[in-house]
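One file, data29.tsv, carrying TSV, C-alpha atoms:
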chain	number	residue	atom	x	y	z
A	1444	MET	CA	122.78	130.50	65.12
A	1445	ALA	CA	123.62	130.09	61.45
A	1446	LYS	CA	125.84	127.19	60.57
A	1447	LYS	CA	127.16	126.17	57.20
A	1448	GLU	CA	125.67	123.01	55.69
A	1449	SER	CA	127.61	119.89	56.57
A	1450	THR	CA	128.36	117.05	54.23
A	1451	LEU	CA	127.25	113.53	55.09
A	1452	LEU	CA	130.85	112.58	55.77
A	1453	GLN	CA	131.20	115.35	58.34
A	1454	LEU	CA	128.02	114.22	60.09
A	1455	VAL	CA	129.26	110.65	60.28
A	1456	ILE	CA	132.72	111.65	61.49
A	1457	THR	CA	131.43	113.99	64.21
A	1458	LEU	CA	128.94	111.50	65.61
A	1459	THR	CA	131.47	108.67	65.47
A	1460	LEU	CA	134.05	110.77	67.30
A	1461	ILE	CA	131.58	111.79	70.00
A	1462	THR	CA	130.45	108.21	70.61
A	1463	VAL	CA	134.04	106.91	70.68
A	1464	ILE	CA	135.05	109.53	73.26
A	1465	ALA	CA	131.93	108.78	75.29
A	1466	GLY	CA	132.74	105.07	75.13
A	1467	VAL	CA	136.29	105.59	76.34
A	1468	ALA	CA	135.11	107.83	79.20
A	1469	LEU	CA	132.54	105.22	80.26
A	1470	ALA	CA	135.09	102.42	80.09
A	1471	ALA	CA	137.39	104.42	82.36
A	1472	VAL	CA	134.68	105.08	84.95
A	1473	TYR	CA	133.52	101.45	84.76
A	1474	THR	CA	137.05	100.22	85.50
A	1475	VAL	CA	137.32	102.52	88.51
A	1476	THR	CA	133.88	101.69	89.96
A	1477	LYS	CA	133.88	97.95	89.21
A	1478	ALA	CA	135.55	96.91	92.46
A	1479	PRO	CA	133.46	99.17	94.76
A	1480	ILE	CA	130.20	98.05	93.10
A	1481	GLU	CA	131.10	94.38	93.53
A	1482	ALA	CA	132.18	95.02	97.10
A	1483	ALA	CA	128.90	96.80	97.84
A	1484	GLN	CA	126.87	93.93	96.38
A	1485	GLN	CA	128.96	91.34	98.20
A	1486	GLN	CA	128.56	93.21	101.46
A	1487	LYS	CA	124.80	93.41	101.00
A	1488	LYS	CA	124.72	89.66	100.38
A	1489	ASN	CA	126.94	88.92	103.39
A	1490	GLU	CA	124.76	91.07	105.62
A	1491	ALA	CA	121.71	89.18	104.41
A	1492	ILE	CA	123.41	85.83	105.04
A	1493	ASN	CA	124.40	86.89	108.58
A	1494	GLN	CA	120.84	88.01	109.18
A	1495	VAL	CA	119.21	84.74	108.06
A	1496	LEU	CA	121.79	82.42	109.62
A	1497	PRO	CA	122.24	83.95	113.08
A	1498	GLY	CA	125.12	82.48	115.03
A	1499	PHE	CA	126.74	80.84	112.03
A	1500	SER	CA	130.38	81.50	111.26
A	1501	GLY	CA	132.09	79.16	108.89
A	1502	GLU	CA	132.46	78.12	105.31
A	1503	LEU	CA	129.68	78.45	102.75
A	1504	THR	CA	129.49	76.13	99.74
A	1505	ASP	CA	127.54	77.55	96.84
A	1506	THR	CA	125.39	75.45	94.56
A	1507	THR	CA	122.49	76.29	92.33
A	1508	CYS	CA	119.17	74.57	91.87
A	1509	LEU	CA	116.83	74.96	88.94
A	1510	LEU	CA	113.23	74.20	89.88
A	1511	GLU	CA	110.92	72.70	87.29
A	1512	GLY	CA	109.49	75.33	84.95
A	1513	ASP	CA	111.96	78.03	86.04
A	1514	LYS	CA	114.35	80.02	83.90
A	1515	ASP	CA	116.65	81.33	86.62
A	1516	PRO	CA	118.24	79.07	89.20
A	1517	ILE	CA	117.89	79.49	92.96
A	1518	ILE	CA	121.28	79.91	94.63
A	1519	VAL	CA	121.84	77.75	97.70
A	1520	HIS	CA	124.70	78.66	100.06
A	1521	LEU	CA	125.20	75.50	102.13
A	1522	ALA	CA	126.52	76.24	105.59
A	1523	LEU	CA	128.83	73.54	106.95
A	1524	VAL	CA	130.29	73.31	110.44
A	1525	ASP	CA	133.11	70.72	110.70
A	1526	GLY	CA	131.76	68.97	107.61
A	1527	GLU	CA	128.30	68.67	109.15
A	1528	LEU	CA	125.37	70.40	107.53
A	1529	PHE	CA	124.34	73.35	109.72
A	1530	GLY	CA	121.79	74.80	107.33
A	1531	ALA	CA	121.65	76.95	104.26
A	1532	ALA	CA	121.12	80.54	103.16
A	1533	ILE	CA	119.05	80.43	100.02
A	1534	GLU	CA	118.70	83.22	97.50
A	1535	THR	CA	115.21	82.59	96.25
A	1536	TYR	CA	112.76	84.58	94.20
A	1537	THR	CA	109.19	84.55	92.95
A	1538	ASN	CA	107.43	86.02	89.96
A	1539	LYS	CA	104.07	85.98	91.74
A	1540	ALA	CA	104.61	89.33	93.48
A	1541	PHE	CA	102.35	92.32	92.84
A	1542	SER	CA	104.91	93.99	90.59
A	1543	GLY	CA	107.94	92.36	89.08
A	1544	ARG	CA	110.32	89.86	90.52
A	1545	PHE	CA	110.72	89.59	94.27
A	1546	ASP	CA	114.05	88.36	95.67
A	1547	ILE	CA	114.52	87.20	99.24
A	1548	MET	CA	117.15	85.35	101.24
A	1549	VAL	CA	115.90	82.52	103.44
A	1550	GLY	CA	117.94	80.83	106.16
A	1551	LEU	CA	117.05	77.20	106.89
A	1552	ASP	CA	118.52	74.80	109.43
A	1553	ALA	CA	119.53	71.26	108.45
A	1554	GLU	CA	115.93	70.03	108.84
A	1555	GLY	CA	114.52	72.87	106.77
A	1556	LYS	CA	113.16	74.94	109.67
A	1557	ILE	CA	113.22	78.68	108.94
A	1558	LEU	CA	115.91	80.56	110.89
A	1559	GLY	CA	115.38	83.96	109.31
A	1560	THR	CA	114.48	85.84	106.17
A	1561	ALA	CA	115.72	89.00	104.49
A	1562	VAL	CA	114.31	90.88	101.53
A	1563	LEU	CA	116.95	91.44	98.84
A	1564	LYS	CA	115.00	93.23	96.12
A	1565	HIS	CA	111.36	94.11	95.62
A	1566	SER	CA	109.24	96.54	93.65
A	1567	GLU	CA	106.04	96.32	95.69
A	1568	THR	CA	103.77	99.35	96.19
A	1569	PRO	CA	105.22	101.85	98.69
A	1570	GLY	CA	103.08	101.95	101.82
A	1571	LEU	CA	101.32	98.66	101.04
A	1572	GLY	CA	103.33	95.69	99.79
A	1573	ALA	CA	106.60	97.46	100.51
A	1574	LYS	CA	105.94	96.90	104.25
A	1575	ILE	CA	107.30	93.43	103.52
A	1576	ASN	CA	110.74	95.04	103.61
A	1577	ASP	CA	110.41	95.83	107.34
A	1578	GLY	CA	112.39	93.03	108.98
A	1579	GLU	CA	110.98	93.86	112.45
A	1580	SER	CA	107.35	93.52	111.39
A	1581	GLU	CA	105.11	90.79	112.82
A	1582	PHE	CA	104.63	89.44	109.32
A	1583	ILE	CA	108.33	88.66	108.86
A	1584	GLN	CA	108.83	87.51	112.46
A	1585	GLN	CA	106.07	84.88	112.26
A	1586	PHE	CA	108.12	82.86	109.74
A	1587	LYS	CA	110.88	82.13	112.26
A	1588	GLY	CA	110.68	78.52	113.42
A	1589	LYS	CA	108.11	77.50	110.80
A	1590	SER	CA	108.87	74.88	108.19
A	1591	ALA	CA	107.66	74.36	104.67
A	1592	VAL	CA	109.19	70.89	104.33
A	1593	MET	CA	105.95	68.91	104.80
A	1594	ASP	CA	103.30	71.47	103.80
A	1595	ALA	CA	103.76	74.60	101.78
A	1596	LEU	CA	103.26	77.82	103.75
A	1597	LYS	CA	100.05	79.66	102.93
A	1598	VAL	CA	98.31	82.81	104.08
A	1599	LYS	CA	95.15	82.34	106.19
A	1600	LYS	CA	92.92	83.31	103.29
A	1601	ASP	CA	94.25	80.28	101.38
A	1602	GLY	CA	93.81	77.97	104.36
A	1603	GLY	CA	97.31	78.31	105.81
A	1604	ASP	CA	98.45	79.82	109.09
A	1605	ILE	CA	100.36	82.93	107.94
A	1606	ASP	CA	98.84	86.29	108.88
A	1607	ALA	CA	98.99	88.37	105.70
A	1608	ILE	CA	99.91	92.07	105.75
A	1609	THR	CA	96.72	94.13	105.74
A	1610	ALA	CA	95.85	95.26	102.22
A	1611	ALA	CA	98.83	93.38	100.78
A	1612	THR	CA	97.65	89.79	100.41
A	1613	ILE	CA	99.36	89.36	97.04
A	1614	SER	CA	102.73	90.47	98.40
A	1615	SER	CA	102.25	88.21	101.44
A	1616	ARG	CA	101.37	85.26	99.18
A	1617	ALA	CA	104.45	85.99	97.08
A	1618	PHE	CA	106.60	85.95	100.20
A	1619	CYS	CA	105.21	82.52	101.16
A	1620	ASP	CA	105.79	81.31	97.62
A	1621	ALA	CA	109.42	82.43	97.70
A	1622	VAL	CA	109.95	80.67	101.04
A	1623	ASN	CA	108.30	77.48	99.73
A	1624	ARG	CA	110.51	77.55	96.66
A	1625	ALA	CA	113.59	78.00	98.85
A	1626	THR	CA	112.58	74.93	100.85
A	1627	GLU	CA	111.96	72.97	97.67
A	1628	ALA	CA	115.42	73.92	96.36
A	1629	PHE	CA	116.98	72.95	99.70
A	1630	LYS	CA	115.29	69.53	99.59
A	1631	GLN	CA	116.52	68.91	96.05
A	1632	VAL	CA	120.08	69.93	96.89
A	1633	LYS	CA	120.08	67.63	99.93
A	1634	GLU	CA	118.77	64.70	97.86
A	1635	ASP	CA	121.43	65.29	95.21
A	1636	ASP	CA	124.05	65.17	97.95
A	1637	HIS	CA	122.90	61.78	99.16
A	1638	GLU	CA	123.06	60.18	95.73
B	200	MET	CA	121.46	138.91	81.42
B	201	SER	CA	123.78	139.15	84.41
B	202	LYS	CA	125.68	136.08	85.58
B	203	MET	CA	123.76	136.09	88.84
B	204	ASN	CA	120.49	136.15	86.95
B	205	ILE	CA	121.48	133.15	84.81
B	206	LEU	CA	122.24	131.19	87.97
B	207	THR	CA	119.17	132.16	89.97
B	208	LYS	CA	116.46	132.17	87.30
B	209	GLY	CA	116.15	128.39	87.63
B	210	PHE	CA	115.48	128.60	91.38
B	211	PHE	CA	112.10	130.24	91.10
B	212	LYS	CA	111.30	132.45	88.09
B	213	GLU	CA	111.96	129.72	85.51
B	214	ASN	CA	111.89	126.74	87.85
B	215	PRO	CA	112.16	123.73	85.49
B	216	THR	CA	109.60	121.61	87.33
B	217	LEU	CA	107.10	124.11	88.73
B	218	VAL	CA	107.10	126.78	86.01
B	219	LEU	CA	108.38	125.13	82.83
B	220	VAL	CA	106.74	121.82	83.93
B	221	LEU	CA	109.53	119.63	82.56
B	222	GLY	CA	110.82	116.40	84.09
B	223	THR	CA	107.52	115.59	85.77
B	224	CYS	CA	108.06	111.82	85.72
B	225	PRO	CA	110.83	111.79	88.36
B	226	SER	CA	109.03	114.59	90.23
B	227	LEU	CA	106.08	112.26	90.72
B	228	ALA	CA	107.95	108.99	91.10
B	229	VAL	CA	110.81	109.60	93.52
B	230	THR	CA	109.20	112.15	95.84
B	231	THR	CA	107.90	109.60	98.35
B	232	SER	CA	110.73	110.56	100.70
B	233	VAL	CA	112.94	113.62	101.13
B	234	ASN	CA	116.09	111.46	101.01
B	235	ASN	CA	115.18	110.16	97.56
B	236	ALA	CA	114.25	113.64	96.34
B	237	LEU	CA	117.59	115.10	97.43
B	238	GLY	CA	119.53	112.20	95.88
B	239	MET	CA	117.65	112.48	92.61
B	240	GLY	CA	117.96	116.28	92.57
B	241	LEU	CA	121.70	116.26	93.16
B	242	ALA	CA	122.32	113.49	90.61
B	243	THR	CA	120.36	115.46	88.01
B	244	THR	CA	122.23	118.65	88.94
B	245	PHE	CA	125.53	116.87	88.28
B	246	VAL	CA	124.31	115.64	84.90
B	247	LEU	CA	122.96	119.10	83.97
B	248	MET	CA	126.22	120.85	84.89
B	249	MET	CA	128.38	118.43	82.97
B	250	SER	CA	126.16	118.06	79.91
B	251	ASN	CA	125.58	121.83	79.61
B	252	THR	CA	129.31	122.51	79.85
B	253	ILE	CA	130.35	119.86	77.32
B	254	ILE	CA	127.56	120.68	74.88
B	255	SER	CA	128.43	124.38	75.04
B	256	LEU	CA	132.09	123.50	74.36
B	257	LEU	CA	131.08	121.41	71.36
B	258	LYS	CA	128.38	123.72	70.01
B	259	ASN	CA	130.48	124.88	67.06
B	260	VAL	CA	131.75	121.40	66.25
B	261	ILE	CA	128.44	119.56	66.19
B	262	PRO	CA	126.60	119.94	62.87
B	263	ASP	CA	123.00	121.09	63.28
B	264	LYS	CA	121.58	118.00	61.61
B	265	VAL	CA	122.96	115.56	64.18
B	266	ARG	CA	122.81	117.79	67.24
B	267	ILE	CA	120.04	115.88	69.02
B	268	PRO	CA	121.78	112.46	68.83
B	269	ALA	CA	125.05	114.12	69.83
B	270	PHE	CA	123.37	115.77	72.86
B	271	ILE	CA	121.77	112.50	73.87
B	272	VAL	CA	125.09	110.65	73.71
B	273	VAL	CA	126.73	113.29	75.92
B	274	ILE	CA	123.83	113.21	78.40
B	275	ALA	CA	123.65	109.41	78.45
B	276	THR	CA	127.39	109.20	79.14
B	277	PHE	CA	127.16	111.42	82.21
B	278	VAL	CA	124.05	109.62	83.45
B	279	SER	CA	125.85	106.27	83.18
B	280	ILE	CA	128.84	107.74	85.01
B	281	ILE	CA	126.72	109.02	87.91
B	282	ASP	CA	124.80	105.71	87.95
B	283	LEU	CA	128.04	103.72	88.32
B	284	LEU	CA	129.37	106.12	90.96
B	285	ILE	CA	126.18	105.90	93.05
B	286	GLN	CA	126.11	102.09	92.78
B	287	GLY	CA	129.73	101.92	93.87
B	288	TYR	CA	129.85	104.51	96.63
B	289	ILE	CA	126.24	105.10	97.84
B	290	PRO	CA	124.62	101.64	97.42
B	291	ALA	CA	121.72	102.55	99.76
B	292	LEU	CA	120.68	105.39	97.45
B	293	ALA	CA	121.12	103.15	94.41
B	294	SER	CA	118.67	100.60	95.79
B	295	SER	CA	116.04	103.18	96.74
B	296	LEU	CA	116.21	105.17	93.48
B	297	GLY	CA	116.71	102.08	91.32
B	298	ILE	CA	115.64	102.58	87.73
B	299	PHE	CA	115.14	106.35	88.09
B	300	ILE	CA	118.86	107.15	87.96
B	301	PRO	CA	119.32	105.66	84.44
B	302	LEU	CA	116.07	107.38	83.47
B	303	ILE	CA	117.65	110.83	83.99
B	304	VAL	CA	118.66	110.34	80.34
B	305	VAL	CA	115.08	110.95	79.25
B	306	ASN	CA	114.49	113.79	81.70
B	307	CYS	CA	113.27	116.64	79.49
B	308	ILE	CA	115.03	119.23	81.64
B	309	VAL	CA	118.47	117.99	80.62
B	310	LEU	CA	117.84	117.84	76.88
B	311	GLY	CA	115.73	121.00	77.11
B	312	ARG	CA	118.56	123.05	78.64
B	313	ALA	CA	121.06	121.61	76.14
B	314	GLU	CA	118.88	122.65	73.21
B	315	ALA	CA	117.50	125.92	74.57
B	316	PHE	CA	120.53	127.26	76.41
B	317	ALA	CA	123.84	125.43	76.18
B	318	SER	CA	123.87	125.22	72.38
B	319	LYS	CA	123.51	129.02	72.11
B	320	ASN	CA	125.51	130.41	75.03
B	321	SER	CA	129.06	130.54	76.36
B	322	VAL	CA	130.57	127.71	78.38
B	323	PHE	CA	130.56	129.52	81.71
B	324	ASP	CA	126.97	130.76	81.29
B	325	SER	CA	125.89	127.22	80.40
B	326	LEU	CA	127.56	125.84	83.52
B	327	LEU	CA	125.74	128.44	85.64
B	328	ASP	CA	122.47	127.62	83.89
B	329	GLY	CA	123.00	123.92	84.59
B	330	ILE	CA	123.72	124.53	88.28
B	331	GLY	CA	120.74	126.89	88.60
B	332	MET	CA	118.30	124.57	86.87
B	333	GLY	CA	119.60	121.60	88.85
B	334	ILE	CA	119.13	123.43	92.14
B	335	GLY	CA	115.66	124.55	91.02
B	336	PHE	CA	114.76	120.95	90.24
B	337	THR	CA	116.12	119.83	93.62
B	338	ILE	CA	114.11	122.55	95.43
B	339	ALA	CA	110.91	121.52	93.64
B	340	LEU	CA	111.43	117.80	94.40
B	341	THR	CA	112.22	118.58	98.03
B	342	ILE	CA	109.07	120.68	98.50
B	343	ILE	CA	106.86	117.94	97.01
B	344	ALA	CA	108.68	115.18	98.91
B	345	THR	CA	108.47	117.04	102.23
B	346	ALA	CA	104.68	117.32	101.93
B	347	ARG	CA	104.30	113.71	100.78
B	348	GLU	CA	106.60	112.22	103.39
B	349	ILE	CA	105.00	114.12	106.30
B	350	LEU	CA	101.42	113.42	105.20
B	351	GLY	CA	101.98	109.92	103.84
B	352	SER	CA	104.47	108.39	106.27
B	353	GLY	CA	104.47	110.83	109.19
B	354	SER	CA	108.20	111.26	108.96
B	355	PHE	CA	110.85	113.69	107.71
B	356	LEU	CA	114.21	112.56	106.29
B	357	GLY	CA	113.33	109.08	107.52
B	358	HIS	CA	112.75	110.20	111.14
B	359	LYS	CA	109.26	109.22	112.19
B	360	PHE	CA	107.54	111.79	114.39
B	361	ILE	CA	103.86	110.94	113.89
B	362	PRO	CA	103.02	107.39	114.97
B	363	GLY	CA	100.84	105.22	112.76
B	364	ASP	CA	100.64	104.68	109.05
B	365	GLY	CA	99.96	108.18	107.73
B	366	ILE	CA	97.60	109.02	104.89
B	367	LEU	CA	98.36	106.31	102.38
B	368	VAL	CA	97.14	108.16	99.29
B	369	PHE	CA	100.00	110.66	99.56
B	370	VAL	CA	102.56	107.86	99.22
B	371	LEU	CA	100.84	106.55	96.08
B	372	ALA	CA	100.71	108.13	92.62
B	373	PRO	CA	97.41	110.07	93.07
B	374	GLY	CA	98.85	111.88	96.09
B	375	ALA	CA	101.88	112.83	94.00
B	376	PHE	CA	99.63	114.47	91.41
B	377	ILE	CA	97.62	116.31	94.09
B	378	ILE	CA	100.70	117.73	95.83
B	379	PHE	CA	102.36	118.52	92.49
B	380	GLY	CA	99.29	120.47	91.36
B	381	LEU	CA	98.98	122.32	94.65
B	382	THR	CA	102.67	123.28	94.56
B	383	ILE	CA	102.37	124.65	91.01
B	384	ALA	CA	99.27	126.60	92.08
B	385	LEU	CA	101.14	128.04	95.03
B	386	VAL	CA	104.07	129.11	92.84
B	387	ARG	CA	101.66	130.74	90.35
B	388	PHE	CA	99.91	132.54	93.19
B	389	ILE	CA	103.18	133.94	94.58
B	390	GLN	CA	104.27	134.96	91.08
B	391	SER	CA	101.04	136.85	90.44
B	392	LYS	CA	101.47	138.72	93.74
B	393	VAL	CA	105.03	139.64	92.80
B	394	HIS	CA	103.88	140.86	89.36
B	395	HIS	CA	101.21	143.07	90.91
B	396	LYS	CA	103.75	144.77	93.12
B	397	ASN	CA	105.95	145.58	90.14
Could you rewrite the structure in this file as structure tokens?
Amino acid sequence: MAKKESTLLQLVITLTLITVIAGVALAAVYTVTKAPIEAAQQQKKNEAINQVLPGFSGELTDTTCLLEGDKDPIIVHLALVDGELFGAAIETYTNKAFSGRFDIMVGLDAEGKILGTAVLKHSETPGLGAKINDGESEFIQQFKGKSAVMDALKVKKDGGDIDAITAATISSRAFCDAVNRATEAFKQVKEDDHE
Amino acid sequence: MSKMNILTKGFFKENPTLVLVLGTCPSLAVTTSVNNALGMGLATTFVLMMSNTIISLLKNVIPDKVRIPAFIVVIATFVSIIDLLIQGYIPALASSLGIFIPLIVVNCIVLGRAEAFASKNSVFDSLLDGIGMGIGFTIALTIIATAREILGSGSFLGHKFIPGDGILVFVLAPGAFIIFGLTIALVRFIQSKVHHKN
């Protein structure tokens, strides 16, 4: 299709107009979808908290904890019942996963014993490391009742007592690491409270 | 070309994935399950419809020299819109497709149809072309995903009907290439048969 030559000014004006209109359209959609997106994220978080703190219904107090050498803080939701510490749901993460950052939620009781875990976000290999996402699996279930307060949790290959997922030792190690970091954050938050 | 032809050529004869071999990245990446393939296909169909229509509307306004950036802005806008909508209203799909929704921007099919069809044809024809190509893309993804999900996970649409782990290689990238190649071969084979008859 033949078109007449455009001047530089016309090029600039057309592109500017198109981008401005696109920007306005995006702003409009963003405004409309902002609330549903936040609600969806909040709901996902609430579901995870309910899953890792079974039987808890009460107020959560949020604090953050920055471990040594970390850039991003770990978020600790302290669960209080009548002012007494019931436990905490901890949004922890690790960078030691097979691919990318690995986010999990860990529920601990007041002594730091694991009540439950839930995977929030992972990019592990489908069919291998991604099995970590299966909350019913033996791998996830074995964490219930364990504690990383005295000794860090390790897979059997590293001398610990966690059965790693077959063919996904790195993902299993990463999971232990995330749980250990959650416990560490919980200890620090508790110490800060006492001071 | 009749209107019907414009719509249906993308289904099989000029299928964007299996015949034109465009947009192979999502075809390999998201076809581990039929659910993901359908979600990706429909999201891309939406973007194709909208971008083809708008670009066809603007074809006389956009100077030739800046047409590619203008097309990309239009495409990127619709991709961002569908990304926000999916995050807000279908969060489960958003978490399983993840980065691949924003990456529709760089899907060659979308820019390819804008350049090859929408910038030269009427608005209605471009809309039909977008729908047809989108459906063709969805069909191709669904075929590949069906094979991969059954062989790799022993399930269909998330319903497990073969116990056990399945053949792992079909879940991973090499399996995607194998199934993709076999599907293209099959389409070529059928096409050659059809040609012989004519």
- Message: Residues near Pro1497 of chain A, anyone? I mean within 12 Å using only C-alpha atoms, not counting same-chain ones fewer than 5 positions away, as a list in words.
- Response: Asn1489, Glu1490, Ala1491, Ile1492, Ala1522, Phe1529, Gly1530, Ala1531, Ala1532, Val1549, Gly1550, Leu1551, Asp1552, Ile1557, Leu1558, Gly1559, Thr1560, Ala1561 and Lys1587 of chain A
- Message: as a VMD selection string, could you give me every residue of chain B near chain A (at most 7 Å apart, counting all atoms listed in the file)?
- Response: chain B and resid 261 to 262 265 269 272 to 273 276 280 283 to 284 286 to 288 290 367 370 to 371
- Message: Just to confirm, what's the straight-line distance from atom CA of Leu381 of chain B to atom CA of Leu217 of chain B in Å (one decimal)?
- Response: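 Distance between the two atoms: 10.2 Å.
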- Looking at A:Ser1614, A:Gln1585, A:Thr1535, A:Ser1580, which one is nearest to Leu1509 of chain A, with distances taken over only C-alpha atoms?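 Selected residue with least distance to Leu1509 of chain A: A:Thr1535.
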- Item | Expected residue set, 10 Å radius at (120.0, 104.4, 92.6), only C-alpha atoms, as a ChimeraX atom specification | /B:235,238-239,242,281-286,289-301
- Message: Using all atoms listed in the file, list the residues that have an atom at most 7 Å from (119.8, 81.0, 97.2), coordinates as in the file, as a list in words.
- Response: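 Every residue inside that radius is included here: Ile1517, Ile1518, Val1519, His1520, Ala1532, Ile1533, Glu1534, Thr1535 and Met1548 of chain A.
From atom CA of Asp1546 of chain A back to atom CA of Gly1602 of chain A, the distance works out to 24.4 Å.
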- Query: Which is closer to Leu1496 of chain A than all the others in A:Lys1633, A:Lys1539, A:Gly1512, A:Lys1556, using all atoms listed in the file?
  - Reply: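 The closest residue to Leu1496 of chain A is A:Lys1556.
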- Query: Taking only C-alpha atoms into account, which of B:Val393, B:Ile303, B:Ala228, B:Leu340 comes nearest Pro373 of chain B?
  - Reply: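 For Pro373 of chain B, the nearest of the candidates is B:Ala228.
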